[in-house]
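Chemist: Below is the file target_6.csv, with CSV, C-alpha atoms.
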```csv
chain,number,residue,atom,x,y,z
E,1,MET,CA,-25.9,-18.0,-28.2
E,2,ASP,CA,-27.7,-15.7,-25.8
E,3,PRO,CA,-26.1,-12.4,-24.8
E,4,THR,CA,-25.1,-13.6,-21.4
E,5,THR,CA,-22.9,-16.4,-22.8
E,6,LEU,CA,-21.4,-14.0,-25.3
E,7,ILE,CA,-20.5,-11.5,-22.5
E,8,ALA,CA,-19.1,-14.4,-20.4
E,9,ILE,CA,-16.9,-15.6,-23.2
E,10,ALA,CA,-15.7,-12.1,-24.0
E,11,SER,CA,-15.0,-11.3,-20.3
E,12,ILE,CA,-13.1,-14.5,-19.7
E,13,ILE,CA,-11.0,-14.3,-22.8
E,14,THR,CA,-10.3,-10.6,-22.2
E,15,ALA,CA,-9.4,-11.2,-18.6
E,16,GLY,CA,-6.9,-13.9,-19.6
E,17,LEU,CA,-5.4,-11.6,-22.3
E,18,THR,CA,-5.3,-8.7,-19.9
E,19,ILE,CA,-3.3,-10.4,-17.2
E,20,GLY,CA,-1.2,-12.3,-19.7
E,21,ILE,CA,-0.1,-9.3,-21.8
E,22,GLY,CA,-0.1,-7.0,-18.8
E,23,GLY,CA,2.3,-9.2,-17.0
E,24,ILE,CA,4.9,-9.2,-19.7
E,25,ALA,CA,6.0,-5.6,-19.8
E,26,PRO,CA,6.2,-5.0,-16.0
E,27,ALA,CA,8.2,-8.3,-15.7
E,28,LEU,CA,10.7,-7.1,-18.3
E,29,GLY,CA,10.8,-3.7,-16.6
E,30,GLU,CA,11.3,-5.1,-13.1
E,31,GLY,CA,14.0,-7.4,-14.3
E,32,ARG,CA,15.9,-4.6,-15.9
E,33,ALA,CA,15.5,-2.4,-12.9
E,34,VAL,CA,16.8,-5.1,-10.5
E,35,ALA,CA,19.7,-6.0,-12.8
E,36,THR,CA,20.7,-2.3,-13.0
E,37,ALA,CA,20.4,-1.9,-9.3
E,38,LEU,CA,22.5,-5.0,-8.7
E,39,THR,CA,25.2,-3.6,-11.0
E,40,ALA,CA,25.0,-0.3,-9.1
E,41,LEU,CA,25.2,-2.1,-5.7
E,42,ALA,CA,28.3,-4.0,-6.9
E,43,GLN,CA,30.0,-0.8,-8.0
E,44,GLN,CA,29.0,1.3,-5.0
E,45,PRO,CA,28.3,-0.8,-1.9
E,46,ASP,CA,28.4,2.3,0.2
E,47,ALA,CA,25.3,3.7,-1.4
E,48,SER,CA,23.3,0.5,-0.7
E,49,ALA,CA,20.7,2.2,1.4
E,50,THR,CA,19.8,4.9,-1.2
E,51,ILE,CA,20.0,2.4,-4.1
E,52,THR,CA,17.7,-0.1,-2.3
E,53,ARG,CA,15.2,2.5,-1.4
E,54,THR,CA,15.1,3.9,-4.8
E,55,LEU,CA,14.8,0.4,-6.3
E,56,PHE,CA,11.8,-0.3,-4.1
E,57,VAL,CA,10.1,2.9,-5.0
E,58,GLY,CA,10.7,2.2,-8.7
E,59,LEU,CA,9.6,-1.4,-8.4
E,60,ALA,CA,6.4,-0.3,-6.7
E,61,MET,CA,5.7,2.1,-9.6
E,62,ILE,CA,6.4,-0.6,-12.2
E,63,GLU,CA,4.5,-3.2,-10.3
E,64,SER,CA,1.4,-1.1,-10.1
E,65,LEU,CA,1.0,-1.5,-13.8
E,66,ALA,CA,0.7,-5.3,-13.4
E,67,ILE,CA,-1.6,-4.8,-10.4
E,68,TYR,CA,-3.9,-2.6,-12.6
E,69,SER,CA,-4.1,-5.5,-15.2
E,70,PHE,CA,-4.9,-7.9,-12.3
E,71,VAL,CA,-7.6,-5.7,-10.9
E,72,VAL,CA,-9.1,-5.1,-14.3
E,73,SER,CA,-9.2,-8.9,-15.0
E,74,MET,CA,-10.7,-9.6,-11.6
E,75,ILE,CA,-13.4,-7.0,-12.3
E,76,LEU,CA,-14.0,-8.6,-15.7
E,77,ILE,CA,-14.6,-12.0,-14.1
E,78,PHE,CA,-16.2,-11.3,-10.8
E,79,ALA,CA,-17.7,-7.8,-11.0
E,80,ASN,CA,-18.5,-7.3,-14.6
E,81,PRO,CA,-20.8,-4.3,-14.9
E,82,PHE,CA,-22.3,-5.6,-18.2
E,83,TRP,CA,-23.1,-8.9,-16.6
E,84,ASN,CA,-25.0,-7.2,-13.8
E,85,HIS,CA,-26.9,-5.2,-16.4
E,86,VAL,CA,-27.9,-8.2,-18.4
E,87,ILE,CA,-29.0,-10.1,-15.2
E,88,GLN,CA,-31.0,-7.1,-14.1
E,89,ALA,CA,-32.6,-6.8,-17.6
E,90,ALA,CA,-33.5,-10.5,-17.6
E,91,GLY,CA,-35.0,-10.2,-14.1
E,92,LYS,CA,-37.5,-7.6,-15.3
L,1,MET,CA,-16.1,-16.0,-4.1
L,2,GLN,CA,-15.9,-12.5,-2.5
L,3,LEU,CA,-13.8,-9.8,-3.9
L,4,SER,CA,-13.4,-7.8,-0.7
L,5,PRO,CA,-14.2,-8.1,3.1
L,6,ASP,CA,-16.9,-5.5,2.5
L,7,GLN,CA,-19.2,-8.2,1.4
L,8,LEU,CA,-18.8,-10.2,4.6
L,9,ILE,CA,-21.5,-8.7,6.8
L,10,PHE,CA,-21.6,-9.6,10.5
L,11,TRP,CA,-24.5,-7.7,11.7
L,12,HIS,CA,-27.0,-5.3,10.2
L,13,TYR,CA,-29.9,-3.3,11.5
L,14,GLY,CA,-31.9,-1.3,9.0
L,15,PHE,CA,-29.4,0.4,6.7
L,16,VAL,CA,-26.6,0.2,9.2
L,17,LYS,CA,-24.3,-2.6,8.2
L,18,LEU,CA,-21.3,-3.8,10.1
L,19,ASN,CA,-19.1,-5.5,7.6
L,20,ALA,CA,-15.8,-7.3,8.1
L,21,THR,CA,-13.7,-4.3,7.0
L,22,ILE,CA,-15.1,-2.1,9.8
L,23,VAL,CA,-14.8,-4.8,12.5
L,24,PHE,CA,-11.2,-5.8,11.7
L,25,THR,CA,-10.1,-2.1,11.2
L,26,TRP,CA,-11.4,-1.4,14.7
L,27,ALA,CA,-9.9,-4.6,16.1
L,28,LEU,CA,-6.5,-3.5,14.7
L,29,MET,CA,-6.9,0.0,16.0
L,30,VAL,CA,-7.7,-1.4,19.5
L,31,LEU,CA,-4.7,-3.8,19.2
L,32,LEU,CA,-2.3,-1.0,18.3
L,33,VAL,CA,-3.6,1.6,20.7
L,34,VAL,CA,-4.0,-0.7,23.7
L,35,GLY,CA,-0.8,-2.5,23.0
L,36,SER,CA,1.3,0.6,22.8
L,37,LYS,CA,-0.4,2.1,25.8
L,38,LEU,CA,0.3,-1.0,27.9
L,39,ILE,CA,3.9,-1.0,26.8
L,40,THR,CA,4.6,2.7,27.3
L,41,ARG,CA,2.8,2.7,30.7
L,42,LYS,CA,6.0,2.1,32.6
L,43,LEU,CA,9.0,3.0,30.5
L,44,SER,CA,12.5,2.8,32.0
L,45,VAL,CA,15.7,4.4,31.0
L,46,ASP,CA,18.2,2.1,32.7
L,47,LEU,CA,19.4,-1.3,31.4
L,48,GLN,CA,16.6,-3.2,33.1
L,49,ARG,CA,13.8,-2.8,30.6
L,50,SER,CA,11.0,-5.0,29.4
L,51,ARG,CA,11.3,-6.9,26.2
L,52,TRP,CA,8.2,-5.2,24.8
L,53,GLN,CA,9.8,-1.8,25.4
L,54,ASN,CA,12.9,-3.0,23.4
L,55,VAL,CA,10.7,-4.2,20.6
L,56,LEU,CA,8.9,-0.9,20.4
L,57,GLU,CA,12.1,1.1,20.6
L,58,ILE,CA,13.6,-1.0,17.7
L,59,ILE,CA,10.5,-0.3,15.6
L,60,VAL,CA,10.4,3.4,16.3
L,61,THR,CA,14.1,3.9,15.8
L,62,ALA,CA,14.0,2.0,12.5
L,63,ILE,CA,11.1,4.0,11.2
L,64,ASN,CA,12.7,7.2,12.4
L,65,SER,CA,16.0,6.4,10.6
L,66,GLN,CA,14.2,5.4,7.4
L,67,ILE,CA,12.3,8.7,7.4
L,68,GLY,CA,15.5,10.6,8.0
L,69,ASP,CA,17.2,8.8,5.1
L,70,VAL,CA,14.5,9.9,2.7
L,71,GLY,CA,15.5,13.5,3.6
L,72,LEU,CA,12.7,14.5,5.9
L,73,ARG,CA,14.4,16.3,8.8
L,74,PRO,CA,13.6,16.5,11.7
L,75,ALA,CA,12.2,13.0,11.3
L,76,GLU,CA,10.2,13.2,14.5
L,77,LYS,CA,7.8,15.7,12.9
L,78,TYR,CA,6.7,13.0,10.3
L,79,LEU,CA,7.1,10.0,12.5
L,80,GLY,CA,3.6,10.1,13.8
L,81,PHE,CA,1.9,10.1,10.4
L,82,LEU,CA,4.2,7.8,8.4
L,83,GLY,CA,4.8,5.4,11.3
L,84,THR,CA,1.1,5.0,11.8
L,85,LEU,CA,0.6,4.2,8.2
L,86,PHE,CA,3.3,1.7,8.2
L,87,LEU,CA,2.2,0.0,11.5
L,88,PHE,CA,-1.4,-0.2,10.4
L,89,VAL,CA,-0.7,-1.8,7.0
L,90,ALA,CA,2.0,-4.1,8.4
L,91,SER,CA,-0.2,-5.3,11.3
L,92,ALA,CA,-3.1,-5.8,8.9
L,93,THR,CA,-0.8,-8.1,6.9
L,94,LEU,CA,0.7,-9.9,9.9
L,95,CYS,CA,-2.7,-10.6,11.4
L,96,THR,CA,-3.7,-12.7,8.4
L,97,ILE,CA,-2.0,-15.6,10.0
L,98,ILE,CA,-4.9,-15.7,12.4
L,99,PRO,CA,-7.6,-17.9,10.9
L,100,GLY,CA,-10.8,-16.0,10.0
L,101,PHE,CA,-9.1,-12.7,9.8
L,102,GLU,CA,-9.6,-10.8,6.6
L,103,PRO,CA,-7.1,-8.0,6.1
L,104,PRO,CA,-9.0,-4.6,6.1
L,105,THR,CA,-6.5,-3.4,3.5
L,106,GLY,CA,-8.0,-5.9,1.1
L,107,SER,CA,-11.0,-3.6,0.8
L,108,LEU,CA,-10.8,-0.6,-1.6
L,109,SER,CA,-12.5,1.6,0.9
L,110,THR,CA,-9.7,1.2,3.5
L,111,THR,CA,-6.9,1.8,1.0
L,112,VAL,CA,-8.7,4.8,-0.6
L,113,ALA,CA,-9.0,6.2,3.0
L,114,LEU,CA,-5.3,5.7,3.6
L,115,ALA,CA,-4.4,7.2,0.2
L,116,LEU,CA,-6.7,10.2,1.0
L,117,CYS,CA,-4.8,10.7,4.2
L,118,VAL,CA,-1.6,11.0,2.2
L,119,PHE,CA,-3.4,13.2,-0.3
L,120,VAL,CA,-4.2,15.6,2.5
L,121,ALA,CA,-1.0,15.3,4.4
L,122,VAL,CA,1.3,16.2,1.5
L,123,PRO,CA,0.0,19.8,1.0
L,124,ALA,CA,-0.4,20.1,4.8
L,125,PHE,CA,3.3,19.3,5.5
L,126,GLY,CA,4.3,21.3,2.4
L,127,ILE,CA,2.5,24.4,3.5
L,128,SER,CA,3.7,24.1,7.1
L,129,GLU,CA,7.3,23.8,5.8
L,130,GLN,CA,7.5,26.5,3.2
L,131,GLY,CA,4.4,28.6,3.5
L,132,ILE,CA,1.3,28.6,1.3
L,133,GLY,CA,2.9,30.7,-1.5
L,134,GLY,CA,6.0,28.6,-1.6
L,135,TYR,CA,4.0,25.4,-1.8
L,136,LEU,CA,1.7,26.6,-4.5
L,137,LYS,CA,4.8,27.8,-6.5
L,138,SER,CA,6.0,24.2,-6.6
L,139,TYR,CA,3.1,23.5,-9.0
L,140,ILE,CA,4.4,25.9,-11.7
L,141,GLU,CA,7.9,24.6,-11.6
L,142,PRO,CA,9.8,24.6,-13.9
L,143,THR,CA,7.3,26.4,-16.1
L,144,VAL,CA,3.6,27.3,-16.0
L,145,ILE,CA,2.9,24.7,-18.7
L,146,MET,CA,3.6,22.0,-16.1
L,147,LEU,CA,0.6,23.1,-14.0
L,148,PRO,CA,-2.1,20.7,-15.3
L,149,PHE,CA,0.4,17.8,-15.3
L,150,ASN,CA,1.4,18.4,-11.7
L,151,ILE,CA,-2.2,18.4,-10.7
L,152,ILE,CA,-2.9,15.2,-12.7
L,153,SER,CA,0.1,13.6,-11.1
L,154,GLU,CA,-1.1,14.6,-7.6
L,155,LEU,CA,-4.5,12.9,-8.3
L,156,SER,CA,-3.2,9.8,-10.2
L,157,ARG,CA,-0.6,8.9,-7.6
L,158,THR,CA,-3.3,8.9,-4.9
L,159,LEU,CA,-5.3,6.5,-7.1
L,160,ALA,CA,-2.1,4.5,-7.7
L,161,LEU,CA,-1.4,4.2,-3.9
L,162,ALA,CA,-4.9,3.0,-3.2
L,163,VAL,CA,-5.2,0.5,-6.1
L,164,ARG,CA,-1.7,-0.9,-5.6
L,165,LEU,CA,-2.3,-1.8,-1.9
L,166,PHE,CA,-5.8,-3.1,-2.6
L,167,GLY,CA,-4.7,-5.2,-5.6
L,168,ASN,CA,-1.8,-6.8,-3.6
L,169,MET,CA,-3.8,-7.6,-0.6
L,170,MET,CA,-6.8,-8.8,-2.6
L,171,SER,CA,-4.8,-11.0,-4.8
L,172,GLY,CA,-3.1,-12.6,-1.8
L,173,ALA,CA,-6.3,-13.4,-0.1
L,174,MET,CA,-7.9,-14.6,-3.3
L,175,ILE,CA,-5.1,-16.9,-4.4
L,176,VAL,CA,-5.2,-18.5,-1.0
L,177,ALA,CA,-9.0,-18.9,-1.2
L,178,ILE,CA,-8.7,-20.5,-4.7
L,179,LEU,CA,-5.9,-22.8,-3.7
L,180,LEU,CA,-7.9,-23.9,-0.6
L,181,THR,CA,-10.5,-25.3,-3.0
L,182,ILE,CA,-8.0,-27.0,-5.3
L,183,THR,CA,-5.1,-28.3,-3.1
L,184,PRO,CA,-6.4,-27.9,0.5
L,185,PHE,CA,-3.4,-29.1,2.5
L,186,VAL,CA,0.1,-27.8,2.1
L,187,PHE,CA,0.3,-25.5,-0.9
L,188,PRO,CA,-1.9,-22.7,0.6
L,189,ILE,CA,0.6,-22.4,3.5
L,190,VAL,CA,3.4,-21.6,1.0
L,191,MET,CA,1.3,-19.0,-0.7
L,192,THR,CA,0.3,-17.5,2.7
L,193,THR,CA,4.0,-17.1,3.5
L,194,LEU,CA,4.5,-15.4,0.2
L,195,GLY,CA,1.5,-13.2,0.9
L,196,LEU,CA,3.0,-12.2,4.2
L,197,LEU,CA,6.2,-11.2,2.4
L,198,THR,CA,4.5,-9.1,-0.2
L,199,GLY,CA,2.2,-7.6,2.4
L,200,MET,CA,5.2,-6.4,4.4
L,201,VAL,CA,6.9,-5.1,1.3
L,202,GLN,CA,3.7,-3.2,0.4
L,203,ALA,CA,3.6,-1.7,3.9
L,204,TYR,CA,7.1,-0.5,3.4
L,205,ILE,CA,6.4,0.8,-0.1
L,206,PHE,CA,3.2,2.6,0.9
L,207,SER,CA,4.9,4.5,3.7
L,208,ILE,CA,8.1,5.2,1.8
L,209,LEU,CA,6.1,6.5,-1.1
L,210,ALA,CA,4.2,8.8,1.2
L,211,ALA,CA,7.5,9.9,2.7
L,212,VAL,CA,8.9,10.6,-0.8
L,213,TYR,CA,5.8,12.6,-1.8
L,214,ILE,CA,6.0,14.6,1.4
L,215,ALA,CA,9.8,15.1,0.8
L,216,ALA,CA,9.0,16.4,-2.7
L,217,ALA,CA,6.4,18.8,-1.3
L,218,THR,CA,8.7,20.1,1.4
L,219,ARG,CA,11.5,20.5,-1.2
L,220,THR,CA,14.1,18.5,0.7
L,221,ARG,CA,14.3,15.9,-2.1
L,222,LYS,CA,17.5,17.3,-3.5
L,223,SER,CA,19.4,15.9,-0.6
L,224,VAL,CA,18.2,12.4,-1.6
L,225,ALA,CA,19.0,12.7,-5.3
L,226,LYS,CA,22.6,13.9,-4.5
L,227,PRO,CA,25.0,11.0,-4.9
L,228,VAL,CA,27.2,9.9,-2.0
L,229,PRO,CA,30.4,12.1,-2.4
L,230,GLY,CA,33.6,10.4,-3.1
L,231,SER,CA,32.2,6.9,-3.7
L,232,LYS,CA,32.3,7.1,-7.5
L,233,THR,CA,35.7,6.1,-8.7
```
Give the structure from this file in structure tokens form.
Modeler:
Amino acid sequence: MDPTTLIAIASIITAGLTIGIGGIAPALGEGRAVATALTALAQQPDASATITRTLFVGLAMIESLAIYSFVVSMILIFANPFWNHVIQAAGK
Amino acid sequence: MQLSPDQLIFWHYGFVKLNATIVFTWALMVLLVVGSKLITRKLSVDLQRSRWQNVLEIIVTAINSQIGDVGLRPAEKYLGFLGTLFLFVASATLCTIIPGFEPPTGSLSTTVALALCVFVAVPAFGISEQGIGGYLKSYIEPTVIMLPFNIISELSRTLALAVRLFGNMMSGAMIVAILLTITPFVFPIVMTTLGLLTGMVQAYIFSILAAVYIAAATRTRKSVAKPVPGSKT
């Protein structure tokens, strides 16, 4: 196998693993955060504005982890720096 | 497959390139500026007012009350900055229903620019609120050991703001593009609707995070963290 194919295989498998594993933890965290926020809302409906806002801010923080995994996997597939290097080296 | 609207080039002359990000950013700016100018040209205070004035009043009042809820008072001082952030990101999302429109927030350059605005605005508001000494002292609270971590958090949250918005908008556009090649008829519409929802949530989150950071810098955050008195049984 030539290096380009190897890099392609590694990139695609790693991208799948990245988004797969990177999705698990934020999903668990978001589920926990939403469940706790719903409990808090049920106990104190008066504080709904504060709870909802804090929930959104927290969800954004957790979600950015999943977004990082997504961006990394997209880079691995579509803008892989090693790929570009190999293509450039082959062109010479 | 393109990762961002930066790669869609409309016109170039020498090294000057006019890509989709610049074009659509300026289109949005023109839309916002001309639209609000047209609406506010003849404002009225009596009950006979135009529908557009009502719409604008609802938007401004809602943003104002949201900023006030975070603990930034007077909210009018921060309305210009935070409201502009929200309106720009929200209108960039809403305009994606126009065919051919690529949201400029799907490009990392735009989101980094927006995050840099927040990065500059946080110390600016902090210094204007409590003086340069008071602001710099917030970096060594509670102890001096926290100084490097505070600086790292300042930088990393700017990066997080930029990458979060970029990732969300890029993923929305990309999923629709992929689905258009697989199931070209109905399913992309559903995903576009979902993209509109996540885009609006992102606009909200971007501006509320900026508001929270500014509130932390102006040291009014304690009023937010305080629980509502008397509601706990």
Chemist: Quick one: of E:Ser48, E:Ser64, E:Thr14, E:Thr54, who's nearest to chain L, counting only C-alpha atoms?
Modeler: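 Result for the nearest residue to chain L: E:Ser64.
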Chemist: Which one is closest to Met170 in chain L: E:Ala49, E:Met1, E:Leu28, E:Met74? Count all atoms listed in the file.
Modeler: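 The answer is E:Met74, which sits nearest to Met170 in chain L.
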Chemist: Report, in Å to a single decimal, how far apart CA of Ile97 in chain L and CA of Ile189 in chain L are.
Modeler: 9.8 Å
Chemist: Of the candidates E:Gly22, E:Pro45, E:Gly91, E:Gly29, which one gets nearest to chain L if we count all atoms listed in the file?
Modeler: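 The closest residue to chain L is E:Pro45.
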Chemist: Between CA of Gly133 in chain L and CA of Phe149 in chain L, measure the distance and give it in Å to one decimal.
Modeler: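 Interatomic distance here is 19.1 Å.
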Chemist: Define the interface residues of chain E facing chain L as those within 12 Å, counting only C-alpha atoms, and report them as a ChimeraX atom specification.
Modeler: /E:40-80
Chemist: So, counting all atoms listed in the file, which residue among L:Ser153, L:Thr158, L:Thr183, L:Asn19 is closest to Ala121 in chain L?
Modeler: L:Thr158
Chemist: Could you tell me how far CA of Pro81 in chain E lies from CA of Pro5 in chain L, in Å and to one decimal?
Modeler: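 One can read the CA of Pro81 in chain E to CA of Pro5 in chain L distance as 19.5 Å.
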